[in-house]
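Colleague: Dumping the structure here so I can ask a few things about it.
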Amino acid sequence: MNDFDQALREFQLAQQAKREAAVWLGNFEAALASRDAARIGALFHEDSHWRDVLAFTWYMTPVSGRDGIAQRLAAEQARAAAHGFHLPRERRAPRRVTRLGIDSIEAIFEFSTAEGRGAGIVRLSTAGEGEAMKAWHLSTTLQSLTGHEEKIGANRPTGAAYSRNFGGDNWADMRRKAVAYADRDPAVLVIGAAQAGLAIAARLNQLGVDTLVVEKWPRIGDSWRKRYHSLALHNSIHINHLPYMPFPPTWPTYIPKDMLGNWFEFYADAMEINCWTDTEFVSGAWDEATKSWTARVRRGDGTERVLRPRHLVFANGVSSYPKIPELPGLSDFKGEVIHSEGFDSGAAWAGKKALILGTGSSANDIALDLHSHGVHTTLIQRGSTTVVSINPSARLNEAIWDEGGLLEDCDLIVSSATPPLTRKAYQAVVKRMVEFDKEMIEGLKGIGFKHDIGEDETGHQMKYYRRGGGYNLDAGSSALMIKGELGLLQFDTIECFTAGGALLKDGTNVPADLIVLATGYFPQQELVRRALGEEMLERIGPVWGIAPNGELNNMYKRTPQQGLWFIAGGLAQCRINSKYLALQIKAMELGKLGPL
């Protein structure tokens, strides 16, 4: 087939995909309008999946199975009044793809509801030759609230409030007054000014919700700057943009921590985010009578301020406080003991010996840093660890973004998957990862390293969602361990720690001048317990981890406590889910959405 024939064939297939998707959407809209579950169900395969994000259910709702989907859609349509389903010209056109081994037509569509504008994904396939296309996967998401759209693009502010305002406040004056909160309380108080806090604050700003961010560090971005000296992101730049402002195209694929910290500071200024740095959130209590929080914050000068926001958003990350285990004999150690959170650089330890308790990403990155400074370094493995090369294996999880197209289209596809589909996708990816990393994995097992690919063969990503750790995105430490340039000990071979290092059960002494505890962090529940109390912790339940329906516990959505929200995760997760969290808060402010 010559180039012309190939191009013609591709054009014909694209047109056919567009027609098939348009026909299905038309039939779907008519079936929805009838609210006939049988009619809706006829458009789906028996084994099908739907994930709704706010559009129909005002929640993050996964449903599996044709009958369950049809019944739920029919019931929710009474309130949602979804209509106007169409294929937008400005977004990715319907195309033929293979997803999870299924040859499909994948289409991005838009629609309207009683409350706003939505967008979604549908994947169609046939059960056999000549049969009609049916959906095996559908997602629906709310993208905006009618009359309260984001102030971006054509909807941007005119600037009339301060343009040529001779004798009055200019923009800088207005910003100083806005940040001071001398005459008002914020509607939303966000705790933490890293990717999660900045993303949700930026989103809320564009929806006109008065938001204050408090950050315990002296500067925005310090939560990254203060990490170990050699840290860089382990995933690539094109998936890590914050809302509204992509990174410059000149930036490196893997962003160094200080570069990222500086960008956060610049981003907060450019996005006009109200932030109090050097400010610690001390405590909060819900006032049922006023439907607001009594939140106490402590400034760097020791003064305290009581704020009364209607919403508290915890944006402190997946983890909270460093976890320091009780280890036999550790108190007798005469060298220095530090948690990985407090590690900066191995330069001061050149020529000395270090033990690192842990084999996760932080432990391995610290080991590389120490090794590069001439420190004789040994890692101590406590439990089985998933090890994945940053490139090429970890890059497989970026496949949707690697396909190109608008960032918002890629984000929509990524957020469309139901938990069962997510697990299947990770299982498929892990099989490829294991092949890519076969030599490394065999080498690690050969030196006694305990390796796994997750409890259900879903690899490091599901470990992250379930427990926030237990894996290493390998930057080169595995090769050094295999060659013997980095040592490896199993924790169960250690009798106890001693004044000079570690005593093994066989009587061997392992000397050390430094012990680094790369032992992770308490989950977010500990943060809630300390800041809001045991009663609140019992009321809301787990934060992060997998809920019974397969979604994350209490993340990005209403919790059992009115006005209490959580956002965490990597930059891509925060960018995607900040949109949906902000829409829920705005809807509650408008009286369109009540508590659970």
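Ligands are numbered from 1 in the order shown, residues from 1 within each chain, and chains are lettered A, B, ... in the order they appear in the structure tokens.
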Would you mind listing, for every residue of stretch 412-522 of chain A within 7 Å of stretch 298-320 of chain A, the two atoms forming the shortest contact and the distance between them in Å to one decimal, using only C-alpha atoms, sorted by chain and ascending residue number, as JSON lines?

Modeller:
```
{"residue": "A:Gly468", "atom": "CA", "partner": "A:Val318", "partner_atom": "CA", "distance": 6.6}
{"residue": "A:Tyr521", "atom": "CA", "partner": "A:Ser319", "partner_atom": "CA", "distance": 5.5}
{"residue": "A:Phe522", "atom": "CA", "partner": "A:Ser320", "partner_atom": "CA", "distance": 5.6}
```

Colleague: Take the residues from that selection and write them out as an mmCIF file, in the first residue's frame, keeping N, CA and C atoms.

Modeller:
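Wrote it out as part28.cif, contents follow:
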```
data_model
loop_
_atom_site.group_PDB
_atom_site.id
_atom_site.type_symbol
_atom_site.label_atom_id
_atom_site.label_comp_id
_atom_site.auth_asym_id
_atom_site.auth_seq_id
_atom_site.Cartn_x
_atom_site.Cartn_y
_atom_site.Cartn_z
ATOM 1 N N GLY A 468 1.041 3.896 50.289
ATOM 2 C CA GLY A 468 1.931 5.045 50.121
ATOM 3 C C GLY A 468 3.401 4.699 50.050
ATOM 4 N N TYR A 521 6.258 7.232 56.897
ATOM 5 C CA TYR A 521 5.484 8.218 57.640
ATOM 6 C C TYR A 521 4.178 7.602 58.124
ATOM 7 N N PHE A 522 3.629 8.215 59.166
ATOM 8 C CA PHE A 522 2.288 7.841 59.578
ATOM 9 C C PHE A 522 1.303 8.255 58.483
#
```

Colleague: Applying 12 Å and only C-alpha atoms, which residues near A:Leu407 remain after dropping the ones on its own chain fewer than 3 positions away? List them as a ChimeraX atom specification.

Modeller: /A:91-92,238-246,400-404,410-414,572,575-576

Colleague: What are the DSSP alpha helix (DSSP H) residues of stretch 365-458 of chain A, as a ChimeraX atom specification?

Modeller: /A:365-372,399-402,407-414,419-436,438-446

Colleague: Counting only C-alpha atoms, which of A:Asp103, A:Thr113, A:Thr277, A:Ala399 gets nearest to A:Lys216?

Modeller: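 Of A:Asp103, A:Thr113, A:Thr277, A:Ala399, the one nearest A:Lys216, counting only C-alpha atoms, is A:Thr277.
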
Colleague: Excluding stretch 363-374 of chain A and its own-chain neighbours fewer than 5 positions away, which residues fall within 7 Å of it when counting only C-alpha atoms? Please give them as a list in words.

Modeller: Ser230, Ser345, Gly346, Ala347, Ala350, Gly351, Ile356, Gly358, Ser477 and Ala518 of chain A

Colleague: With C-alpha atoms retained, export the selected residues as a PDB file, in the first residue's frame.

Modeller:
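Full text of selection-v7.pdb as output:
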```
ATOM      1  CA  SER A 230      20.096  15.071  44.951  1.00  0.00           C
ATOM      2  CA  SER A 345      23.642  15.348  51.660  1.00  0.00           C
ATOM      3  CA  GLY A 346      26.258  12.678  52.221  1.00  0.00           C
ATOM      4  CA  ALA A 347      29.130  15.154  51.837  1.00  0.00           C
ATOM      5  CA  ALA A 350      32.795  10.999  53.164  1.00  0.00           C
ATOM      6  CA  GLY A 351      35.015   8.039  54.045  1.00  0.00           C
ATOM      7  CA  ILE A 356      20.000   2.789  55.822  1.00  0.00           C
ATOM      8  CA  GLY A 358      14.563   0.690  54.305  1.00  0.00           C
ATOM      9  CA  SER A 477      21.125   1.790  43.184  1.00  0.00           C
ATOM     10  CA  ALA A 518      13.981   5.535  55.755  1.00  0.00           C
TER      11      ALA A 518
END
```

Colleague: Env of A:Gly101: 12 Å cut, atoms = only C-alpha atoms, seq-sep filter 2 positions within chain, self excluded. Answer as a compact mmCIF listing (two decimals) with N, CA and C atoms, in the first residue's frame.

Modeller:
```txt
# COMPACT_ATOMS: atom_id res chain seq x y z
N VAL A 97 -8.55 2.37 18.85
CA VAL A 97 -7.47 2.06 19.78
C VAL A 97 -7.66 0.65 20.32
N THR A 98 -6.62 0.14 20.92
CA THR A 98 -6.73 -1.12 21.67
C THR A 98 -6.48 -0.81 23.13
N ARG A 99 -7.48 -1.03 23.94
CA ARG A 99 -7.38 -0.80 25.38
C ARG A 99 -7.67 -2.11 26.11
N ASP A 103 -10.16 -4.23 20.93
CA ASP A 103 -10.17 -3.29 19.81
C ASP A 103 -11.42 -2.43 19.91
N SER A 104 -11.20 -1.12 20.01
CA SER A 104 -12.31 -0.23 20.36
C SER A 104 -12.29 1.05 19.54
N SER A 125 -17.17 -1.35 21.23
CA SER A 125 -16.65 -2.53 20.54
C SER A 125 -17.83 -3.39 20.10
N LEU A 421 -10.95 -1.72 36.06
CA LEU A 421 -10.17 -1.45 34.84
C LEU A 421 -8.77 -0.97 35.19
N LYS A 424 -6.70 -4.01 36.06
CA LYS A 424 -6.35 -4.75 34.85
C LYS A 424 -5.24 -4.04 34.08
N ALA A 425 -5.35 -2.73 34.00
CA ALA A 425 -4.35 -1.96 33.27
C ALA A 425 -2.98 -2.08 33.93
N ALA A 428 -1.45 -5.47 33.32
CA ALA A 428 -0.88 -5.58 31.97
C ALA A 428 0.45 -4.84 31.88
N VAL A 429 0.51 -3.66 32.48
CA VAL A 429 1.74 -2.87 32.45
C VAL A 429 2.85 -3.58 33.21
```

Colleague: Per DSSP on the backbone, what are the strand (DSSP E) residues of stretch 53-170 of chain A, as a ChimeraX atom specification?

Modeller: /A:53,60-64,83-86,95-99,102-112,116-125,134-145

Colleague: For those residues, write C-alpha atoms to a file as a PDB file, in the first residue's frame.

Modeller:
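Listed below is the output, part_3.pdb:
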```
ATOM      1  CA  VAL A  53     -17.404  12.089  38.616  1.00  0.00           C
ATOM      2  CA  MET A  60     -16.940   9.658  42.445  1.00  0.00           C
ATOM      3  CA  THR A  61     -19.026   6.634  41.599  1.00  0.00           C
ATOM      4  CA  PRO A  62     -17.816   3.460  39.875  1.00  0.00           C
ATOM      5  CA  VAL A  63     -20.387   0.965  38.621  1.00  0.00           C
ATOM      6  CA  SER A  64     -19.682  -2.387  36.949  1.00  0.00           C
ATOM      7  CA  HIS A  83     -28.594  16.182  27.289  1.00  0.00           C
ATOM      8  CA  GLY A  84     -26.809  17.655  24.301  1.00  0.00           C
ATOM      9  CA  PHE A  85     -24.308  14.823  23.880  1.00  0.00           C
ATOM     10  CA  HIS A  86     -21.941  15.641  21.022  1.00  0.00           C
ATOM     11  CA  ARG A  95     -10.239   6.967  16.956  1.00  0.00           C
ATOM     12  CA  ARG A  96      -9.575   3.267  16.853  1.00  0.00           C
ATOM     13  CA  VAL A  97      -7.466   2.064  19.780  1.00  0.00           C
ATOM     14  CA  THR A  98      -6.730  -1.117  21.671  1.00  0.00           C
ATOM     15  CA  ARG A  99      -7.380  -0.798  25.385  1.00  0.00           C
ATOM     16  CA  ILE A 102     -10.061  -4.816  23.288  1.00  0.00           C
ATOM     17  CA  ASP A 103     -10.166  -3.291  19.806  1.00  0.00           C
ATOM     18  CA  SER A 104     -12.308  -0.230  20.362  1.00  0.00           C
ATOM     19  CA  ILE A 105     -13.534   3.091  19.110  1.00  0.00           C
ATOM     20  CA  GLU A 106     -12.616   5.651  21.753  1.00  0.00           C
ATOM     21  CA  ALA A 107     -14.433   8.974  21.705  1.00  0.00           C
ATOM     22  CA  ILE A 108     -14.351  12.089  23.834  1.00  0.00           C
ATOM     23  CA  PHE A 109     -17.752  13.728  24.099  1.00  0.00           C
ATOM     24  CA  GLU A 110     -19.331  16.709  25.818  1.00  0.00           C
ATOM     25  CA  PHE A 111     -22.814  17.219  27.216  1.00  0.00           C
ATOM     26  CA  SER A 112     -24.878  19.407  29.515  1.00  0.00           C
ATOM     27  CA  GLY A 116     -23.433  22.599  34.197  1.00  0.00           C
ATOM     28  CA  ARG A 117     -21.244  21.288  31.396  1.00  0.00           C
ATOM     29  CA  GLY A 118     -19.777  17.811  31.309  1.00  0.00           C
ATOM     30  CA  ALA A 119     -17.302  15.740  29.353  1.00  0.00           C
ATOM     31  CA  GLY A 120     -16.634  12.050  29.102  1.00  0.00           C
ATOM     32  CA  ILE A 121     -15.140   9.067  27.354  1.00  0.00           C
ATOM     33  CA  VAL A 122     -16.894   6.172  25.676  1.00  0.00           C
ATOM     34  CA  ARG A 123     -15.229   3.029  24.333  1.00  0.00           C
ATOM     35  CA  LEU A 124     -17.205   0.956  21.874  1.00  0.00           C
ATOM     36  CA  SER A 125     -16.652  -2.530  20.540  1.00  0.00           C
ATOM     37  CA  LYS A 134     -21.905  -1.269  22.226  1.00  0.00           C
ATOM     38  CA  ALA A 135     -20.109   0.444  25.093  1.00  0.00           C
ATOM     39  CA  TRP A 136     -17.836  -1.513  27.384  1.00  0.00           C
ATOM     40  CA  HIS A 137     -16.548   1.609  29.125  1.00  0.00           C
ATOM     41  CA  LEU A 138     -18.171   4.968  29.846  1.00  0.00           C
ATOM     42  CA  SER A 139     -17.096   7.911  31.957  1.00  0.00           C
ATOM     43  CA  THR A 140     -18.993  11.104  32.737  1.00  0.00           C
ATOM     44  CA  THR A 141     -17.486  14.096  34.527  1.00  0.00           C
ATOM     45  CA  LEU A 142     -18.743  17.515  35.501  1.00  0.00           C
ATOM     46  CA  GLN A 143     -16.444  20.188  34.093  1.00  0.00           C
ATOM     47  CA  SER A 144     -18.128  23.455  35.056  1.00  0.00           C
ATOM     48  CA  LEU A 145     -21.167  24.962  36.770  1.00  0.00           C
TER      49      LEU A 145
END
```

Colleague: So which one's closest to A:Tyr464, A:Gly128, A:Gly591, A:Gly541, A:Pro523? Using only C-alpha atoms, please.

Modeller: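 The closest residue to A:Tyr464 is A:Pro523.
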
Colleague: Taking only C-alpha atoms into account, which of A:Met433, A:Met133, A:Ala178, A:Ala285 comes nearest A:Glu535?

Modeller: A:Ala285

Colleague: Write out as a PyMOL selection string each polymer residue whose atoms come within 9 Å of stretch 446-458 of chain A, counting only C-alpha atoms; drop sequence neighbours fewer than 4 positions from it.

Modeller: chain A and resi 381+383-387+423-431+434+441-442+462-463+481-482+484+488-490

Colleague: Atom CA of A:Lys592 to atom CA of A:Trp58: how many Å, to one decimal?

Modeller: 10.1 Å
